[in-house]
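A short worksheet on the structure shown next.
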Amino acid sequence: MLRTLGRQIWKYRAYYLMLLPGIIYYAVYKYLPIYGIVIAFKDYDMLAGIANSPWADPWYKHFQAFYESPYFSQLLVNTVLISLYKLVFGMFPPIALAVLLNECRVDWFKRWVQTLSYMPHFLSWVIIYGILIVLLSQDSGIVNQLIAEFGGNPIPFLTSTEWFRSVLVGSEIWQNLGWGAIIYLAAMAGIDPTLYEAARVDGASRLRMIWHITLPGIRNVIVLLLILRLGQMMDAGFDQIYILYNIHVYPVADILDTWVFRTGLEQWNFSLAAAVGLFKSVIGLLLVLGSNSLAKKWGEGIW
Amino acid sequence: MAKKQLVFALLAAGALASFMLAGCGSGNETGGAEGSGEGGANQASAPVTINMTLPGTGLPTPDNDDIKKALDEKLGTDIQLTAIQSGDDYNNQLRVRMSAGNYPDLFTTSYTYLKEFAEKGLILDLTPYLEKELKPAKDFITNLSSEDIWKKVTVNGKIYAIPRVPDVPFSSFWIRQDWLDNLKLNPPTTLDELFEVAKAFTEQDPDGNKKNDTYGITGQKFDAFSPVFGAYGVGQPGTFYEKDGNVINAYYDPNMPEALAFIKKLIDAGVVDPELMTNKGTVDQQKAFQGKAGIIFKGWIEISKDEFVNQYKTINPKAEWVHIDAPKGPAGQFNGSFDFDMPSRYYAIPKAMEKDKAKLQKIFDLINYVSGEEGNDLVMYGIEGKHYNVVDGKVEPTELMAVEGNYFHLYQITGRPNKEYLEVKFPNQAEDIEFAIRIPRIKTLDSSIVPPTGFNKADADRYAEEELVKFVYGKRPLSEYGDFLKTLETTFKYNLYVDEAMKQIKEQGLANNG
Amino acid sequence: MVRGLEDKIFNAVSYTILALVGLVTVVPLLYVLSVSLTPYAEVLKNGGYVLFPKEITFNAYEKLLSNSAIPRAFQITIFVTVVGTAINLTLTALLAYPLSRKGMPGRRLFLFMVVFTLLFNGGIIPTYLIVKATGLIDTVWALIVPNAIWSFNVLVMKGFFENLPEEIFESARIDGAHEWRILLRIAVPLSIPSIMTIGLFYAVGHWNSFFAAIMYITDRSLFPLQVVVREILMMTQQPLENAEDMVPTVTMQMSAVIFASLPIIAVYPFLQKHFTKGMIIGSIKG
């Protein structure tokens, strides 16, 4: 048994050698610091350091502080919902864009759309917020001026609980549409062109080829991204929400990360931040484990 | 084909990298050469490096930093100032550096952190040095403020920070004089007149463009109504101040519901910018400049500085913003609330510096120097002959001061005589500066209150702000104000905070009857 | 015939959608660009925004570049992006390739370890301590080494390597090729589109990052471009505290955005042609 394992390892020795720099990197910069997670269970003391800080009493003290916030359930619901909306509505558009670009035969047009759609990724949320105000502001926004012109009532997009999440999801999709498509385009570039040629000879239509060749060809990338996105389920987008939200929409927009941030502004507490972080990570891990084993039944999965 | 391209790309990357590295390397070398040059001029000893850090903006690179050069030459130091723009980023970095024992030599912090650092024994107790080594700085600060300022940097009876002289207030109501003129109105002097003017600004087309596109009042959240609260003798929501000989919290001020009722009246009448509660940063200022509202509560630094006058005059040459007194109300006339004793910065020195006596002395030298006449002039006005000239004993700024002088304050460790300084730096705003300093405000006491454990101030603040918004927007009747306070106490444990604050204010000896 | 018609409809629909996507992204971008190029007085008179400038000026850019920190910061950013990406790609390929080949004992464990770091991290204090212990504080390497490998990119590259047909590797092995040789001569050249993509991810990541600089760097001469740009952008997000602070005008903010992103945006069009090199595989197989 051991000898076969030994022989196996010897057989793959070149691989292990290749892995070595990566393993060293992960060991030093990722796994050595990971002991910091214990801060969640300690009363972190700056002078004593992580190892010598006293244990929290009870051990779940910082989790309790967070659980006992009157806003706990609201934060949780907002985090999951915003994240879920972004996942559901945000997953498909970049794939669709990539497929359309891949099918596009007019080279200059393709290149322009591709480059343009990727540019919003470089605008920070501060700038996007400025653009959103110009577009959506209640009394001077371009959209509301148009609505008024057609006799409608102005819609408080940025300040109403009904609209705010749509603004979050919409602006995120806009920002990431072209950027998200890149990875699928790269995957499509790896599809064997002879498959298309054969299908064309068989008289298959474009839609059929997309369905039977293109999409299966990028299936593993889609699954990979889906699983990783599920792992980030508890991250609903701090930067975006922090810049965009306001007192009127807190009930639908306040998420775990913004709460930790605001709490920390008053009294920075590494232990509380670590506890919330750990909570998010554990949920992410469960989702990744679950979705990965599901994906494996399809023959995909990360590991 | 592809392989060749890849090899080429890698080669190009490598070449570029080494080129860049060489660039970086030579940059360092010149830096070193400069240093040794200065050392040569100051043969006695090598310059002592002082790492100083604070949140701030506009700092030039060291070779363009005249103040650094002048200080270094005078004191035999190499001052390495790091200014990070955002306070949040700054706090993040500082906390991590303190945790890792990688201390800056001199840094600013807030009272909450100061207390924590002091209790953990991370920063130096300055009490023993104040009467001797730091005497010049101490006298400078006390003369420009009051003895009370030292209470604000005291933790458990010991002084842990050099307090920078408190800022003076900047804010007041500003109004469009040309709109008043168009409508033949006088500036409002009472709450009722404020209401009438705001209504006229909304409904009577003050800009004469035949469009219904103006509001009376804009601003940011409840700050916009500071003088309204003041008219009822109420401080900004959440603040602590003295009233009738007792320290109270603004939410418990018996006049609070009335003040809210007046704000509600303004909002109900549609004379307030509907986005007032969501305006952030410079949004409300820009709205005012764009002629969307005629009354705003702001500091002169955001309205009448030359750059801003230029802005609104560009948009509308007829526009004229003037400051007005706070409206009179049942409790008098107050331009909101202000903590007059709050140090504008808290400078701390790490405890570890105790062991490096020579360096500690240099830090003291620096602090004292910028508190002395020569040094204070340097960090206020820059280099004589370059940034300013002295004419008949008065400081006359040159044009270069306006261009280069905006970062000098980062070196004002102990502060400055505010009025004199601001009037030199902003000669065109002298009247506004004096006005903002003169007008009465409610004196708040809470800048050095540390929330107790078990109380989440962020949660309580959110709840209180949300409910106040509901009250003034008519989404919750004001008759439920008592229920609001009850929830604030039971669900959000606000009473813990109030009790703790009272205790701390008493301990710090800040209240007159304390 | 039916196929021809279907193709036509498909084309009509797909070009319309693509044109719409282009339009929806170009308008806000045009706003940013136009504001940066319009005289400030014009922008103000227009209510703060302009879509088509009547008059063009580079004033805002000149003012931006007069900031003495910018040339140095630009150098730092280019250095970090170029060197960082080269290191990233090398290490990522070395890690992703073996993990993409089935059969190696421990493969699944390694993969799980990679995924695990996407979910769990020790927080900023222990990470800072490691960066300090490895002597990187206040050096440019603090902007490169702690982020030498991104788990996400490892997994993506591994996914791309997996898509390569197994037969190629088999035949190479039968020809007696060494694993290193297979990686360098077969796997990497065949994966140019994906390597370019991941290189782009890394490069953009380096280009846009400021957090590492804020945490690990106190020496002003080592600040990258984004720290300076962030300073310009964030100033309008909070109330003014000091009378002396100059608020950057909206034209300056927009010019900072354009200036700081144009160089990296310009990289993409050059990479795009590599995304259509799917034929390589076909030619080798053939």
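Just so we're on the same page: first chain in the structure tokens is A, next is B, and so on; residues restart at 1 for each chain, and ligands are numbered from 1 in the order they show up.
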
Determine, for each residue of chain A having at least one atom at most 8 Å from an atom of chain B, the closest pair of atoms and their separation in Å to one decimal, counting only C-alpha atoms; order by chain and ascending number, as CSV.
residue,atom,partner,partner_atom,distance
A:Asp45,CA,B:Lys120,CA,7.8
A:Met46,CA,B:Ser99,CA,4.9
A:Leu47,CA,B:Lys120,CA,6.2
A:Gly49,CA,B:Ser99,CA,6.9
A:Ala65,CA,B:Gly454,CA,7.6
A:Ser69,CA,B:Asp459,CA,7.4
A:Pro70,CA,B:Thr491,CA,6.9
A:Tyr71,CA,B:Asp459,CA,7.6
A:Gln138,CA,B:Glu275,CA,7.6
A:Thr159,CA,B:Thr278,CA,7.5
A:Asn246,CA,B:Thr278,CA,5.5
A:Ile247,CA,B:Glu466,CA,6.4
A:His248,CA,B:Glu466,CA,7.4
A:Trp259,CA,B:Ala458,CA,7.9
A:Arg262,CA,B:Ala458,CA,5.8
A:Thr263,CA,B:Ala458,CA,5.0
A:Leu265,CA,B:Asp88,CA,7.7
A:Glu266,CA,B:Lys457,CA,6.7
A:Gln267,CA,B:Thr112,CA,7.3

Residues of the last selection are to be written out with N, CA, C and O atoms, as a PDB file, in the first residue's frame.
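Now in again.pdb:
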ATOM      1  N   ASP A  45      -5.857  41.773  22.394  1.00  0.00           N
ATOM      2  CA  ASP A  45      -5.116  42.780  23.137  1.00  0.00           C
ATOM      3  C   ASP A  45      -3.887  43.132  22.317  1.00  0.00           C
ATOM      4  O   ASP A  45      -3.041  42.285  22.046  1.00  0.00           O
ATOM      5  N   MET A  46      -3.814  44.387  21.919  1.00  0.00           N
ATOM      6  CA  MET A  46      -2.744  44.789  21.005  1.00  0.00           C
ATOM      7  C   MET A  46      -1.353  44.542  21.539  1.00  0.00           C
ATOM      8  O   MET A  46      -0.440  44.214  20.815  1.00  0.00           O
ATOM      9  N   LEU A  47      -1.203  44.745  22.843  1.00  0.00           N
ATOM     10  CA  LEU A  47       0.129  44.611  23.419  1.00  0.00           C
ATOM     11  C   LEU A  47       0.518  43.146  23.537  1.00  0.00           C
ATOM     12  O   LEU A  47       1.651  42.762  23.265  1.00  0.00           O
ATOM     13  N   GLY A  49      -0.535  40.613  21.791  1.00  0.00           N
ATOM     14  CA  GLY A  49      -0.456  39.879  20.536  1.00  0.00           C
ATOM     15  C   GLY A  49      -1.520  38.809  20.479  1.00  0.00           C
ATOM     16  O   GLY A  49      -2.249  38.586  21.456  1.00  0.00           O
ATOM     17  N   ALA A  65     -22.264  39.166  20.455  1.00  0.00           N
ATOM     18  CA  ALA A  65     -22.421  40.613  20.296  1.00  0.00           C
ATOM     19  C   ALA A  65     -23.052  40.919  18.951  1.00  0.00           C
ATOM     20  O   ALA A  65     -23.867  41.830  18.813  1.00  0.00           O
ATOM     21  N   SER A  69     -27.256  42.020  18.022  1.00  0.00           N
ATOM     22  CA  SER A  69     -27.594  43.313  17.427  1.00  0.00           C
ATOM     23  C   SER A  69     -29.049  43.269  16.993  1.00  0.00           C
ATOM     24  O   SER A  69     -29.490  42.293  16.382  1.00  0.00           O
ATOM     25  N   PRO A  70     -29.825  44.319  17.327  1.00  0.00           N
ATOM     26  CA  PRO A  70     -31.234  44.319  16.905  1.00  0.00           C
ATOM     27  C   PRO A  70     -31.371  44.192  15.392  1.00  0.00           C
ATOM     28  O   PRO A  70     -32.437  43.866  14.890  1.00  0.00           O
ATOM     29  N   TYR A  71     -30.298  44.454  14.685  1.00  0.00           N
ATOM     30  CA  TYR A  71     -30.383  44.411  13.221  1.00  0.00           C
ATOM     31  C   TYR A  71     -29.913  43.098  12.622  1.00  0.00           C
ATOM     32  O   TYR A  71     -29.860  42.945  11.413  1.00  0.00           O
ATOM     33  N   GLN A 138     -33.664  62.399  -8.032  1.00  0.00           N
ATOM     34  CA  GLN A 138     -35.124  62.516  -8.031  1.00  0.00           C
ATOM     35  C   GLN A 138     -35.646  63.706  -8.835  1.00  0.00           C
ATOM     36  O   GLN A 138     -36.593  63.577  -9.587  1.00  0.00           O
ATOM     37  N   THR A 159     -33.333  56.531  -3.278  1.00  0.00           N
ATOM     38  CA  THR A 159     -33.736  56.741  -1.884  1.00  0.00           C
ATOM     39  C   THR A 159     -34.953  55.932  -1.480  1.00  0.00           C
ATOM     40  O   THR A 159     -35.438  56.068  -0.371  1.00  0.00           O
ATOM     41  N   ASN A 246     -27.889  55.066   1.846  1.00  0.00           N
ATOM     42  CA  ASN A 246     -28.209  56.258   2.628  1.00  0.00           C
ATOM     43  C   ASN A 246     -29.275  55.902   3.642  1.00  0.00           C
ATOM     44  O   ASN A 246     -29.840  54.809   3.608  1.00  0.00           O
ATOM     45  N   ILE A 247     -29.556  56.862   4.506  1.00  0.00           N
ATOM     46  CA  ILE A 247     -30.436  56.596   5.657  1.00  0.00           C
ATOM     47  C   ILE A 247     -31.805  56.050   5.246  1.00  0.00           C
ATOM     48  O   ILE A 247     -32.380  55.228   5.940  1.00  0.00           O
ATOM     49  N   HIS A 248     -32.317  56.453   4.101  1.00  0.00           N
ATOM     50  CA  HIS A 248     -33.642  55.986   3.708  1.00  0.00           C
ATOM     51  C   HIS A 248     -33.671  54.507   3.334  1.00  0.00           C
ATOM     52  O   HIS A 248     -34.713  53.883   3.390  1.00  0.00           O
ATOM     53  N   TRP A 259     -22.205  46.970   8.338  1.00  0.00           N
ATOM     54  CA  TRP A 259     -22.453  47.021   9.780  1.00  0.00           C
ATOM     55  C   TRP A 259     -21.137  46.927  10.555  1.00  0.00           C
ATOM     56  O   TRP A 259     -20.890  47.704  11.466  1.00  0.00           O
ATOM     57  N   ARG A 262     -19.319  50.238  10.203  1.00  0.00           N
ATOM     58  CA  ARG A 262     -19.855  51.329  11.027  1.00  0.00           C
ATOM     59  C   ARG A 262     -19.573  51.105  12.502  1.00  0.00           C
ATOM     60  O   ARG A 262     -19.222  52.016  13.234  1.00  0.00           O
ATOM     61  N   THR A 263     -19.738  49.854  12.927  1.00  0.00           N
ATOM     62  CA  THR A 263     -19.448  49.540  14.327  1.00  0.00           C
ATOM     63  C   THR A 263     -17.981  49.829  14.631  1.00  0.00           C
ATOM     64  O   THR A 263     -17.647  50.383  15.671  1.00  0.00           O
ATOM     65  N   LEU A 265     -16.075  51.994  13.239  1.00  0.00           N
ATOM     66  CA  LEU A 265     -15.753  53.419  13.243  1.00  0.00           C
ATOM     67  C   LEU A 265     -15.832  53.976  14.653  1.00  0.00           C
ATOM     68  O   LEU A 265     -15.067  54.849  15.042  1.00  0.00           O
ATOM     69  N   GLU A 266     -16.796  53.486  15.422  1.00  0.00           N
ATOM     70  CA  GLU A 266     -16.953  53.970  16.783  1.00  0.00           C
ATOM     71  C   GLU A 266     -15.924  53.332  17.702  1.00  0.00           C
ATOM     72  O   GLU A 266     -15.292  54.003  18.505  1.00  0.00           O
ATOM     73  N   GLN A 267     -15.829  52.041  17.614  1.00  0.00           N
ATOM     74  CA  GLN A 267     -14.930  51.306  18.499  1.00  0.00           C
ATOM     75  C   GLN A 267     -14.383  50.149  17.697  1.00  0.00           C
ATOM     76  O   GLN A 267     -15.039  49.133  17.549  1.00  0.00           O
TER      77      GLN A 267
END

- Task: Might you pull out every residue within 10 Å of Gly284 (chain A), with only C-alpha atoms counted and same-chain residues fewer than 4 positions away left off, and present them as a VMD selection string?
- Result: (chain A and resid 227 to 235 278 to 280 288 to 290) or (chain C and resid 116 118 to 120)

- Query: For chain B, which residue among C:Thr77, C:Thr25, C:Asn147, C:Ser261 is the nearest when counting only C-alpha atoms?
  - Reply: C:Thr77

Do you have, as a tab-separated table, the list of residues of chain C lying at most 8 Å from chain B, each with its nearest atom pair and that distance in Å to one decimal, counting only C-alpha atoms and ordered by chain then number?
residue	atom	partner	partner_atom	distance
C:Ala41	CA	B:Thr314	CA	6.1
C:Leu44	CA	B:Ile315	CA	5.8
C:Lys45	CA	B:Ile315	CA	4.8
C:Gly47	CA	B:Gln290	CA	6.4
C:Asn67	CA	B:Pro60	CA	7.4
C:Ser68	CA	B:Pro60	CA	6.1
C:Ala69	CA	B:Thr61	CA	5.7
C:Gln75	CA	B:Met20	CA	7.2
C:Ile76	CA	B:Cys24	CA	7.9
C:Ile78	CA	B:Met20	CA	7.9
C:Phe79	CA	B:Met20	CA	5.7
C:Val82	CA	B:Ala13	CA	6.2
C:Val83	CA	B:Ala17	CA	5.6
C:Ala86	CA	B:Ala13	CA	7.1
C:Ile124	CA	B:Val96	CA	7.3
C:Ile125	CA	B:Val96	CA	5.8
C:Tyr128	CA	B:Val96	CA	7.3
C:Leu129	CA	B:Ala100	CA	6.1
C:Arg185	CA	B:Lys3	CA	7.8
C:Pro189	CA	B:Lys3	CA	5.4
C:Ile192	CA	B:Ala2	CA	7.2
C:Ile214	CA	B:Gln93	CA	6.8
C:Met215	CA	B:Gln93	CA	5.3
C:Tyr216	CA	B:Gln93	CA	8.0
C:Thr218	CA	B:Thr82	CA	6.0
C:Asp219	CA	B:Thr82	CA	6.9
C:Arg220	CA	B:Thr82	CA	6.4
C:Ser221	CA	B:Thr61	CA	7.0
C:Glu231	CA	B:Gln85	CA	5.6
C:Met234	CA	B:Ser86	CA	7.4
C:Met235	CA	B:Gln85	CA	7.9
C:Thr236	CA	B:Gly281	CA	5.1
C:Gln237	CA	B:Gly281	CA	4.2
C:Gln238	CA	B:Gly281	CA	4.5
C:Pro239	CA	B:Gly281	CA	5.4
C:Leu240	CA	B:Glu302	CA	7.4
C:Ala243	CA	B:Ile301	CA	5.4
C:Glu244	CA	B:Asn406	CA	5.0
C:Asp245	CA	B:Asn406	CA	6.1
C:Met246	CA	B:Asn406	CA	7.3

Selected residues written out with C-alpha atoms, as a PDB file, in the first residue's frame:
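Done, and the output landed in out34.pdb:
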ATOM      1  CA  ALA C  41     -16.574  76.905 -16.396  1.00  0.00           C
ATOM      2  CA  LEU C  44     -20.443  74.319 -14.165  1.00  0.00           C
ATOM      3  CA  LYS C  45     -22.748  76.196 -16.498  1.00  0.00           C
ATOM      4  CA  GLY C  47     -25.177  71.774 -14.349  1.00  0.00           C
ATOM      5  CA  ASN C  67       1.064  67.074  -8.761  1.00  0.00           C
ATOM      6  CA  SER C  68       4.649  66.175  -7.960  1.00  0.00           C
ATOM      7  CA  ALA C  69       3.685  62.725  -6.685  1.00  0.00           C
ATOM      8  CA  GLN C  75       6.603  54.505 -12.328  1.00  0.00           C
ATOM      9  CA  ILE C  76       5.843  52.438  -9.262  1.00  0.00           C
ATOM     10  CA  ILE C  78       4.140  50.206 -13.995  1.00  0.00           C
ATOM     11  CA  PHE C  79       6.921  48.399 -12.211  1.00  0.00           C
ATOM     12  CA  VAL C  82       4.914  44.376 -15.139  1.00  0.00           C
ATOM     13  CA  VAL C  83       7.097  42.542 -12.644  1.00  0.00           C
ATOM     14  CA  ALA C  86       5.402  38.121 -14.745  1.00  0.00           C
ATOM     15  CA  ILE C 124      -4.882  41.857   8.495  1.00  0.00           C
ATOM     16  CA  ILE C 125      -2.812  41.604  11.652  1.00  0.00           C
ATOM     17  CA  TYR C 128       0.974  42.183   8.330  1.00  0.00           C
ATOM     18  CA  LEU C 129       3.206  40.318  10.762  1.00  0.00           C
ATOM     19  CA  ARG C 185       6.339  23.319 -25.168  1.00  0.00           C
ATOM     20  CA  PRO C 189       1.731  27.506 -26.014  1.00  0.00           C
ATOM     21  CA  ILE C 192      -2.064  31.383 -24.926  1.00  0.00           C
ATOM     22  CA  ILE C 214      -1.936  51.712   2.365  1.00  0.00           C
ATOM     23  CA  MET C 215      -1.222  48.840   4.724  1.00  0.00           C
ATOM     24  CA  TYR C 216       2.413  48.106   4.053  1.00  0.00           C
ATOM     25  CA  THR C 218       4.647  54.493   4.698  1.00  0.00           C
ATOM     26  CA  ASP C 219       7.336  55.838   2.407  1.00  0.00           C
ATOM     27  CA  ARG C 220       5.613  58.381   0.186  1.00  0.00           C
ATOM     28  CA  SER C 221       7.983  57.754  -2.699  1.00  0.00           C
ATOM     29  CA  GLU C 231      -6.956  60.745  -2.655  1.00  0.00           C
ATOM     30  CA  MET C 234     -12.359  60.488  -1.999  1.00  0.00           C
ATOM     31  CA  MET C 235     -11.958  64.141  -1.095  1.00  0.00           C
ATOM     32  CA  THR C 236     -15.405  64.971  -2.353  1.00  0.00           C
ATOM     33  CA  GLN C 237     -16.937  62.112  -0.384  1.00  0.00           C
ATOM     34  CA  GLN C 238     -16.518  63.575   3.052  1.00  0.00           C
ATOM     35  CA  PRO C 239     -17.098  67.006   4.537  1.00  0.00           C
ATOM     36  CA  LEU C 240     -14.148  69.350   4.354  1.00  0.00           C
ATOM     37  CA  ALA C 243      -9.802  75.349   5.644  1.00  0.00           C
ATOM     38  CA  GLU C 244      -6.631  74.783   3.621  1.00  0.00           C
ATOM     39  CA  ASP C 245      -7.747  71.644   1.799  1.00  0.00           C
ATOM     40  CA  MET C 246      -8.364  72.119  -1.890  1.00  0.00           C
TER      41      MET C 246
END

- Message: Could you go through region 196-257 of chain B and tell me which residues DSSP, when run on the backbone, assigns to alpha helix (DSSP H), listing them as a PyMOL selection string?
- Response: chain B and resi 196-203+226-231+256-257

Take the selection from the previous step and output its residues with all heavy atoms, as a CSV table (one decimal), in the first residue's frame.
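Once written, again_26.csv looks like this:
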chain,number,residue,atom,x,y,z
B,196,GLU,N,-41.0,81.5,6.1
B,196,GLU,CA,-41.6,82.3,5.0
B,196,GLU,C,-40.6,82.5,3.8
B,196,GLU,O,-41.0,82.4,2.7
B,196,GLU,CB,-42.1,83.7,5.5
B,196,GLU,CG,-43.3,83.7,6.5
B,196,GLU,CD,-44.4,82.9,5.9
B,196,GLU,OE1,-44.7,83.0,4.7
B,196,GLU,OE2,-45.1,82.2,6.7
B,197,VAL,N,-39.4,82.8,4.2
B,197,VAL,CA,-38.4,83.0,3.1
B,197,VAL,C,-38.2,81.7,2.4
B,197,VAL,O,-38.1,81.7,1.1
B,197,VAL,CB,-37.1,83.5,3.7
B,197,VAL,CG1,-36.0,83.5,2.7
B,197,VAL,CG2,-37.2,84.9,4.2
B,198,ALA,N,-38.1,80.6,3.1
B,198,ALA,CA,-37.9,79.3,2.4
B,198,ALA,C,-39.0,79.0,1.5
B,198,ALA,O,-38.9,78.5,0.4
B,198,ALA,CB,-37.7,78.2,3.4
B,199,LYS,N,-40.2,79.3,1.9
B,199,LYS,CA,-41.4,79.1,1.1
B,199,LYS,C,-41.4,80.0,-0.1
B,199,LYS,O,-41.7,79.5,-1.2
B,199,LYS,CB,-42.6,79.4,2.0
B,199,LYS,CG,-43.9,78.8,1.6
B,199,LYS,CD,-45.0,78.9,2.7
B,199,LYS,CE,-46.4,79.0,2.3
B,199,LYS,NZ,-46.9,77.8,1.6
B,200,ALA,N,-41.0,81.2,0.1
B,200,ALA,CA,-41.0,82.2,-1.1
B,200,ALA,C,-39.9,81.7,-2.1
B,200,ALA,O,-40.1,81.7,-3.3
B,200,ALA,CB,-40.6,83.6,-0.6
B,201,PHE,N,-38.8,81.2,-1.5
B,201,PHE,CA,-37.7,80.7,-2.4
B,201,PHE,C,-38.2,79.5,-3.2
B,201,PHE,O,-37.8,79.2,-4.4
B,201,PHE,CB,-36.5,80.3,-1.6
B,201,PHE,CG,-35.6,81.4,-1.3
B,201,PHE,CD1,-35.9,82.7,-1.6
B,201,PHE,CD2,-34.4,81.2,-0.5
B,201,PHE,CE1,-35.1,83.8,-1.3
B,201,PHE,CE2,-33.6,82.2,-0.2
B,201,PHE,CZ,-33.9,83.5,-0.6
B,202,THR,N,-39.1,78.7,-2.7
B,202,THR,CA,-39.6,77.5,-3.4
B,202,THR,C,-40.7,77.9,-4.4
B,202,THR,O,-40.7,77.4,-5.5
B,202,THR,CB,-40.2,76.5,-2.3
B,202,THR,OG1,-39.3,76.4,-1.3
B,202,THR,CG2,-40.5,75.2,-3.0
B,203,GLU,N,-41.6,78.8,-4.0
B,203,GLU,CA,-42.8,79.0,-4.7
B,203,GLU,C,-42.8,80.2,-5.6
B,203,GLU,O,-43.6,80.3,-6.6
B,203,GLU,CB,-44.0,79.1,-3.8
B,203,GLU,CG,-44.2,77.7,-3.1
B,203,GLU,CD,-45.2,77.8,-1.9
B,203,GLU,OE1,-45.7,79.0,-1.6
B,203,GLU,OE2,-45.5,76.8,-1.3
B,226,SER,N,-29.1,72.8,11.9
B,226,SER,CA,-28.4,73.1,13.2
B,226,SER,C,-29.0,74.4,13.9
B,226,SER,O,-29.3,74.4,15.1
B,226,SER,CB,-26.9,73.3,13.0
B,226,SER,OG,-26.4,72.1,12.5
B,227,PRO,N,-29.1,75.5,13.1
B,227,PRO,CA,-29.6,76.7,13.8
B,227,PRO,C,-31.1,76.6,14.2
B,227,PRO,O,-31.5,77.3,15.2
B,227,PRO,CB,-29.5,77.8,12.7
B,227,PRO,CG,-28.5,77.3,11.7
B,227,PRO,CD,-28.7,75.8,11.7
B,228,VAL,N,-31.8,75.7,13.6
B,228,VAL,CA,-33.2,75.4,14.0
B,228,VAL,C,-33.2,74.8,15.4
B,228,VAL,O,-33.9,75.2,16.3
B,228,VAL,CB,-34.0,74.6,13.0
B,228,VAL,CG1,-35.3,74.2,13.5
B,228,VAL,CG2,-34.1,75.4,11.7
B,229,PHE,N,-32.4,73.7,15.5
B,229,PHE,CA,-32.2,73.1,16.8
B,229,PHE,C,-31.8,74.1,17.8
B,229,PHE,O,-32.3,74.2,18.9
B,229,PHE,CB,-31.2,72.0,16.7
B,229,PHE,CG,-31.7,70.7,16.0
B,229,PHE,CD1,-31.1,70.3,14.8
B,229,PHE,CD2,-32.7,69.9,16.6
B,229,PHE,CE1,-31.5,69.1,14.2
B,229,PHE,CE2,-33.1,68.8,16.0
B,229,PHE,CZ,-32.5,68.4,14.8
B,230,GLY,N,-30.8,75.0,17.4
B,230,GLY,CA,-30.2,76.0,18.3
B,230,GLY,C,-31.3,76.9,18.8
B,230,GLY,O,-31.3,77.3,19.9
B,231,ALA,N,-32.3,77.3,17.9
B,231,ALA,CA,-33.3,78.2,18.3
B,231,ALA,C,-34.2,77.6,19.4
B,231,ALA,O,-34.8,78.4,20.2
B,231,ALA,CB,-34.2,78.5,17.1
B,256,MET,N,-36.6,68.9,22.2
B,256,MET,CA,-36.3,68.2,21.0
B,256,MET,C,-37.5,68.0,20.1
B,256,MET,O,-37.5,68.3,18.9
B,256,MET,CB,-35.6,66.9,21.3
B,256,MET,CG,-35.2,66.1,20.1
B,256,MET,SD,-34.0,67.0,19.0
B,256,MET,CE,-32.7,65.9,18.7
B,257,PRO,N,-38.6,67.5,20.7
B,257,PRO,CA,-39.8,67.2,19.8
B,257,PRO,C,-40.3,68.5,19.1
B,257,PRO,O,-40.7,68.5,18.0
B,257,PRO,CB,-40.9,66.7,20.8
B,257,PRO,CG,-40.1,66.2,22.0
B,257,PRO,CD,-38.8,67.0,22.1

- Message: Could you tell me which residues of chain C sit within 7 Å of chain A when counting only C-alpha atoms, and give me the result as a ChimeraX atom specification?
- Response: /C:3,7,14,18,21-22,25-26,28,91,94-95,98,104-105,108,111-112,117,119-123,126-127,130,146,159-160,179,193-194,197,261,265,268-269,275-279,281-282
